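Engineer: Provided below: entry-v3.cif, containing mmCIF, C-alpha atoms.
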```
data_run
loop_
_atom_site.label_atom_id
_atom_site.label_comp_id
_atom_site.auth_asym_id
_atom_site.auth_seq_id
_atom_site.Cartn_x
_atom_site.Cartn_y
_atom_site.Cartn_z
CA MET G 19 -11.65 37.44 -71.97
CA HIS G 20 -11.09 40.22 -74.47
CA ARG G 21 -12.12 39.08 -77.91
CA HIS G 22 -10.15 40.21 -80.89
CA SER G 23 -10.30 40.45 -84.64
CA ARG G 24 -10.22 37.15 -86.46
CA ILE G 25 -8.62 38.85 -89.44
CA ARG G 26 -4.85 38.62 -89.48
CA ARG G 27 -4.39 41.23 -92.17
CA ILE G 28 -7.09 43.46 -93.54
CA ARG G 29 -5.27 43.37 -96.87
CA ILE G 30 -6.05 39.66 -97.32
CA PRO G 31 -9.77 39.80 -98.02
CA LEU G 32 -11.11 36.77 -99.78
CA THR G 33 -9.27 33.57 -99.05
CA LEU G 34 -12.78 32.22 -99.23
CA MET G 35 -12.38 29.40 -101.70
CA GLY G 36 -10.41 27.55 -99.04
CA THR G 37 -12.77 28.81 -96.35
CA ALA G 38 -15.78 27.31 -98.12
CA THR G 39 -14.77 23.76 -97.26
CA VAL G 40 -14.29 24.65 -93.60
CA ALA G 41 -17.57 26.56 -93.54
CA ALA G 42 -19.41 23.64 -95.12
CA SER G 43 -18.23 21.34 -92.35
CA LEU G 44 -19.39 23.91 -89.79
CA PHE G 45 -22.79 23.97 -91.46
CA ALA G 46 -23.13 20.21 -91.13
CA THR G 47 -22.06 20.06 -87.48
CA SER G 48 -23.95 23.14 -86.35
CA ILE G 49 -27.27 21.96 -87.73
CA GLY G 50 -26.71 18.40 -86.56
CA PRO G 51 -26.72 15.02 -88.30
CA ALA G 52 -29.89 13.93 -90.06
CA ASN G 53 -30.29 10.85 -87.88
CA ALA G 54 -29.66 12.65 -84.57
CA ALA G 55 -33.24 12.18 -83.35
CA LYS G 56 -35.71 9.51 -84.34
CA THR G 57 -38.60 11.87 -83.68
CA THR G 58 -37.42 14.33 -86.35
CA SER G 59 -39.35 14.11 -89.60
CA SER G 60 -37.48 13.07 -92.72
CA SER G 61 -38.26 16.41 -94.37
CA SER G 62 -36.65 18.24 -91.44
CA GLN G 63 -33.70 15.88 -91.47
CA ASP G 64 -32.96 16.52 -95.12
CA ARG G 65 -33.48 20.26 -94.98
CA ARG G 66 -30.28 22.24 -95.39
CA PRO G 67 -29.86 25.71 -93.91
CA THR G 68 -29.85 28.75 -96.13
CA VAL G 69 -26.38 30.26 -96.19
CA VAL G 70 -26.57 34.05 -96.03
CA LEU G 71 -23.32 35.72 -97.12
CA VAL G 72 -22.55 39.29 -96.03
CA HIS G 73 -19.71 41.17 -97.73
CA GLY G 74 -17.59 43.83 -96.09
CA ALA G 75 -16.43 47.32 -97.03
CA PHE G 76 -14.88 47.91 -100.47
CA ALA G 77 -16.63 44.78 -101.83
CA ASP G 78 -20.03 43.81 -103.16
CA SER G 79 -22.08 40.61 -103.24
CA SER G 80 -20.30 39.34 -106.35
CA SER G 81 -17.13 38.94 -104.29
CA TRP G 82 -18.75 35.74 -102.96
CA ASN G 83 -19.22 34.22 -106.44
CA GLY G 84 -16.61 31.49 -105.97
CA VAL G 85 -18.10 30.47 -102.63
CA ILE G 86 -21.67 30.62 -103.97
CA LYS G 87 -20.75 28.25 -106.80
CA ARG G 88 -19.30 25.67 -104.42
CA LEU G 89 -22.15 25.89 -101.93
CA LYS G 90 -24.79 25.49 -104.63
CA GLU G 91 -22.91 22.50 -106.04
CA ASP G 92 -23.13 21.00 -102.54
CA GLY G 93 -26.88 21.59 -102.47
CA TYR G 94 -27.09 24.58 -100.14
CA PRO G 95 -29.58 27.40 -100.76
CA VAL G 96 -27.61 30.67 -100.77
CA VAL G 97 -28.43 34.36 -100.43
CA ALA G 98 -25.73 37.00 -100.90
CA ALA G 99 -27.03 40.02 -99.01
CA ALA G 100 -26.28 43.52 -100.28
CA ASN G 101 -24.59 45.21 -97.33
CA PRO G 102 -25.34 48.96 -97.51
CA LEU G 103 -22.11 49.91 -95.66
CA ARG G 104 -23.75 52.94 -94.03
CA SER G 105 -23.51 52.12 -90.31
CA VAL G 106 -23.27 48.96 -88.21
CA SER G 107 -26.79 49.41 -86.82
CA SER G 108 -28.51 50.17 -90.13
CA ASP G 109 -26.50 47.51 -91.99
CA ALA G 110 -27.45 44.93 -89.35
CA ALA G 111 -31.10 45.98 -89.70
CA SER G 112 -30.85 45.45 -93.46
CA VAL G 113 -29.47 41.94 -92.98
CA LYS G 114 -32.13 41.24 -90.34
CA ALA G 115 -34.78 42.07 -92.96
CA VAL G 116 -33.19 39.53 -95.30
CA LEU G 117 -33.24 36.92 -92.54
CA ALA G 118 -36.93 37.60 -91.90
CA SER G 119 -37.71 36.78 -95.54
CA ILE G 120 -36.09 33.32 -95.34
CA ASP G 121 -38.01 30.24 -94.33
CA GLY G 122 -36.06 27.82 -92.15
CA PRO G 123 -32.65 27.77 -90.45
CA VAL G 124 -29.83 30.09 -91.50
CA VAL G 125 -26.05 30.00 -91.35
CA LEU G 126 -24.87 33.62 -91.38
CA VAL G 127 -21.44 34.33 -92.86
CA GLY G 128 -19.57 37.63 -92.72
CA HIS G 129 -16.38 38.81 -94.38
CA SER G 130 -14.19 41.63 -93.00
CA TYR G 131 -16.49 44.45 -91.76
CA GLY G 132 -19.37 42.06 -92.42
CA GLY G 133 -18.33 40.24 -89.25
CA ALA G 134 -19.46 43.20 -87.16
CA VAL G 135 -22.72 43.30 -89.11
CA ILE G 136 -23.61 39.63 -88.66
CA SER G 137 -22.75 39.78 -84.94
CA ASN G 138 -25.52 42.38 -84.54
CA ALA G 139 -27.94 40.99 -87.13
CA ALA G 140 -28.05 37.60 -85.40
CA THR G 141 -29.13 39.10 -82.06
CA ARG G 142 -32.45 37.66 -80.91
CA SER G 143 -32.88 35.71 -84.15
CA ASP G 144 -34.02 32.13 -83.66
CA LYS G 145 -33.34 31.39 -87.33
CA VAL G 146 -29.57 31.81 -87.13
CA LYS G 147 -28.03 28.47 -86.14
CA ALA G 148 -24.38 29.37 -86.73
CA LEU G 149 -22.15 32.35 -87.38
CA VAL G 150 -19.10 32.00 -89.65
CA TYR G 151 -16.40 34.67 -89.68
CA ALA G 152 -14.46 34.51 -92.97
CA ASP G 153 -11.39 36.69 -92.44
CA ALA G 154 -13.79 38.90 -90.52
CA PHE G 155 -13.87 41.21 -87.54
CA LEU G 156 -15.37 39.77 -84.37
CA PRO G 157 -15.66 42.94 -82.29
CA ASP G 158 -16.32 43.11 -78.60
CA LYS G 159 -18.93 45.54 -77.29
CA ALA G 160 -18.17 49.13 -78.41
CA GLU G 161 -15.23 48.08 -80.62
CA SER G 162 -15.10 49.26 -84.23
CA ALA G 163 -13.58 47.76 -87.36
CA ASN G 164 -11.20 50.71 -87.66
CA GLU G 165 -10.08 50.30 -84.05
CA LEU G 166 -9.39 46.59 -84.51
CA ALA G 167 -7.58 47.13 -87.81
CA SER G 168 -5.29 49.62 -86.09
CA LYS G 169 -4.43 47.23 -83.24
CA PHE G 170 -2.71 44.59 -85.35
CA PRO G 171 0.14 44.79 -87.90
CA GLY G 172 -0.34 44.08 -91.61
CA SER G 173 -2.93 46.59 -92.75
CA VAL G 174 -1.92 49.20 -95.30
CA LEU G 175 -5.27 51.00 -95.38
CA GLY G 176 -4.02 53.63 -92.95
CA GLU G 177 -1.06 54.59 -95.11
CA PRO G 178 -1.20 57.96 -96.90
CA GLY G 179 -3.05 57.96 -100.21
CA VAL G 180 -4.60 54.50 -99.91
CA LEU G 181 -8.11 55.60 -98.93
CA ARG G 182 -9.95 58.23 -100.99
CA PRO G 183 -12.51 60.20 -98.96
CA VAL G 184 -15.62 61.72 -100.52
CA PRO G 185 -17.55 63.96 -98.11
CA PHE G 186 -21.35 63.92 -98.32
CA THR G 187 -24.39 65.16 -96.43
CA ASN G 188 -27.03 62.77 -95.10
CA PRO G 189 -30.75 63.52 -95.58
CA ASP G 190 -30.92 64.67 -91.94
CA GLY G 191 -28.19 67.22 -92.59
CA SER G 192 -25.40 65.38 -90.76
CA LYS G 193 -22.00 65.10 -92.41
CA ASP G 194 -20.14 61.89 -93.22
CA VAL G 195 -17.51 60.64 -95.63
CA ASP G 196 -17.46 57.73 -98.08
CA LEU G 197 -14.15 55.88 -98.11
CA SER G 198 -12.91 53.86 -101.07
CA ILE G 199 -9.50 52.43 -101.94
CA ASP G 200 -7.39 54.14 -104.59
CA GLN G 201 -7.67 51.85 -107.62
CA SER G 202 -3.92 51.85 -108.21
CA LYS G 203 -3.38 50.52 -104.67
CA PHE G 204 -6.35 48.15 -104.51
CA HIS G 205 -4.47 44.94 -105.37
CA GLN G 206 -1.92 45.37 -102.60
CA ALA G 207 -4.29 46.87 -100.04
CA PHE G 208 -7.29 44.60 -100.48
CA GLY G 209 -6.91 41.83 -103.05
CA ALA G 210 -3.36 40.60 -102.55
CA ASP G 211 -4.44 36.94 -102.76
CA VAL G 212 -6.24 37.19 -106.12
CA PRO G 213 -4.86 37.67 -109.66
CA ALA G 214 -4.13 41.26 -110.66
CA LYS G 215 -6.83 41.21 -113.36
CA THR G 216 -9.43 40.13 -110.80
CA ALA G 217 -8.29 42.83 -108.39
CA ASP G 218 -8.49 45.44 -111.16
CA LEU G 219 -12.16 44.57 -111.73
CA MET G 220 -12.87 44.58 -107.99
CA ALA G 221 -11.22 48.00 -107.71
CA VAL G 222 -13.63 49.46 -110.26
CA THR G 223 -16.75 47.87 -108.75
CA GLN G 224 -15.84 48.40 -105.09
CA ARG G 225 -18.48 49.86 -102.81
CA PRO G 226 -17.33 52.56 -100.40
CA GLY G 227 -17.98 52.34 -96.69
CA THR G 228 -18.80 55.38 -94.59
CA GLY G 229 -16.58 56.66 -91.84
CA THR G 230 -19.50 56.02 -89.48
CA ALA G 231 -19.67 52.33 -90.44
CA LEU G 232 -15.96 51.75 -90.02
#
```
In structure tokens, what does this structure look like?

Structural biologist:
Amino acid sequence: MHRHSRIRRIRIPLTLMGTATVAASLFATSIGPANAAKTTSSSSQDRRPTVVLVHGAFADSSSWNGVIKRLKEDGYPVVAAANPLRSVSSDAASVKAVLASIDGPVVLVGHSYGGAVISNAATRSDKVKALVYADAFLPDKAESANELASKFPGSVLGEPGVLRPVPFTNPDGSKDVDLSIDQSKFHQAFGADVPAKTADLMAVTQRPGTGTAL
């Protein structure tokens, strides 16, 4: 069956405060109840997974702050990984390095483009016990975030003047382009579900994603 993007609209990025409760229930069921096996030690029973949060394009790790607060209040160890937003393969490798530094089970959470990253980062990792897609892309093999965003209505990122390209040259001499959202259009295009003042701050601190990544 052809899988598709779990994101309904790319312009609705962080409905994550509501998602946190759902994700927390997934964490509990995916790891299993503490009394599931009598042979399991009490220390293993009580051990909670580390929740690794991976942001998408045009965001940074601080975009998870509301979710981090709630998870920590519920007693979960949390790591918000800095997603480089350079390419799916290199970004996944960066997240894999974060996973390697964590002791114990992991629940890996991706938002938007971060969904493509966690799908690859979790490959052949015995630490990752669950994947959570928070308004995220769940691409099939060879699908890209840009391709999926173009297949479904609701996105305004493709409209003229929304994305601002900045060409650059990689160390190996290859050409690419950094894409960011015009600050005056950021609230509508990316942060429509947050207050305007919050979106204004996010617009200033946004991290561009390369054309290669998207």

Engineer: Closest to Val72 of chain G among G:Leu166, G:Ala214, G:Leu149, G:Val127, using all atoms listed in the file?

Structural biologist: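 Using all atoms listed in the file, Val72 of chain G sits closest to G:Val127.
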
Engineer: Quick one: distance from atom CA of Ala77 of chain G to atom CA of Gln224 of chain G in Å, one decimal?

Structural biologist: 4.9 Å

Engineer: Skipping near chain neighbours, those fewer than 5 positions away, what residues fall within 12 Å of Asp218 of chain G using only C-alpha atoms, listed as a compact mmCIF listing (two decimals) with C-alpha atoms, in the coordinates of the input?

Structural biologist:
```txt
# COMPACT_ATOMS: atom_id res chain seq x y z
CA ILE G 199 -9.50 52.43 -101.94
CA ASP G 200 -7.39 54.14 -104.59
CA GLN G 201 -7.67 51.85 -107.62
CA SER G 202 -3.92 51.85 -108.21
CA LYS G 203 -3.38 50.52 -104.67
CA PHE G 204 -6.35 48.15 -104.51
CA HIS G 205 -4.47 44.94 -105.37
CA GLN G 206 -1.92 45.37 -102.60
CA ALA G 207 -4.29 46.87 -100.04
CA PHE G 208 -7.29 44.60 -100.48
CA GLY G 209 -6.91 41.83 -103.05
CA ALA G 210 -3.36 40.60 -102.55
CA VAL G 212 -6.24 37.19 -106.12
CA PRO G 213 -4.86 37.67 -109.66
CA THR G 223 -16.75 47.87 -108.75
CA GLN G 224 -15.84 48.40 -105.09
```

Engineer: Any idea what the distance is between atom CA of Lys114 of chain G and atom CA of Val184 of chain G?

Structural biologist: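 Spanning atom CA of Lys114 of chain G to atom CA of Val184 of chain G is a straight-line distance of 28.2 Å.
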
Engineer: As an exercise, work out the distance from atom CA of Tyr94 of chain G to atom CA of Ser108 of chain G in Å and give it to one decimal place.

Structural biologist: 27.5 Å
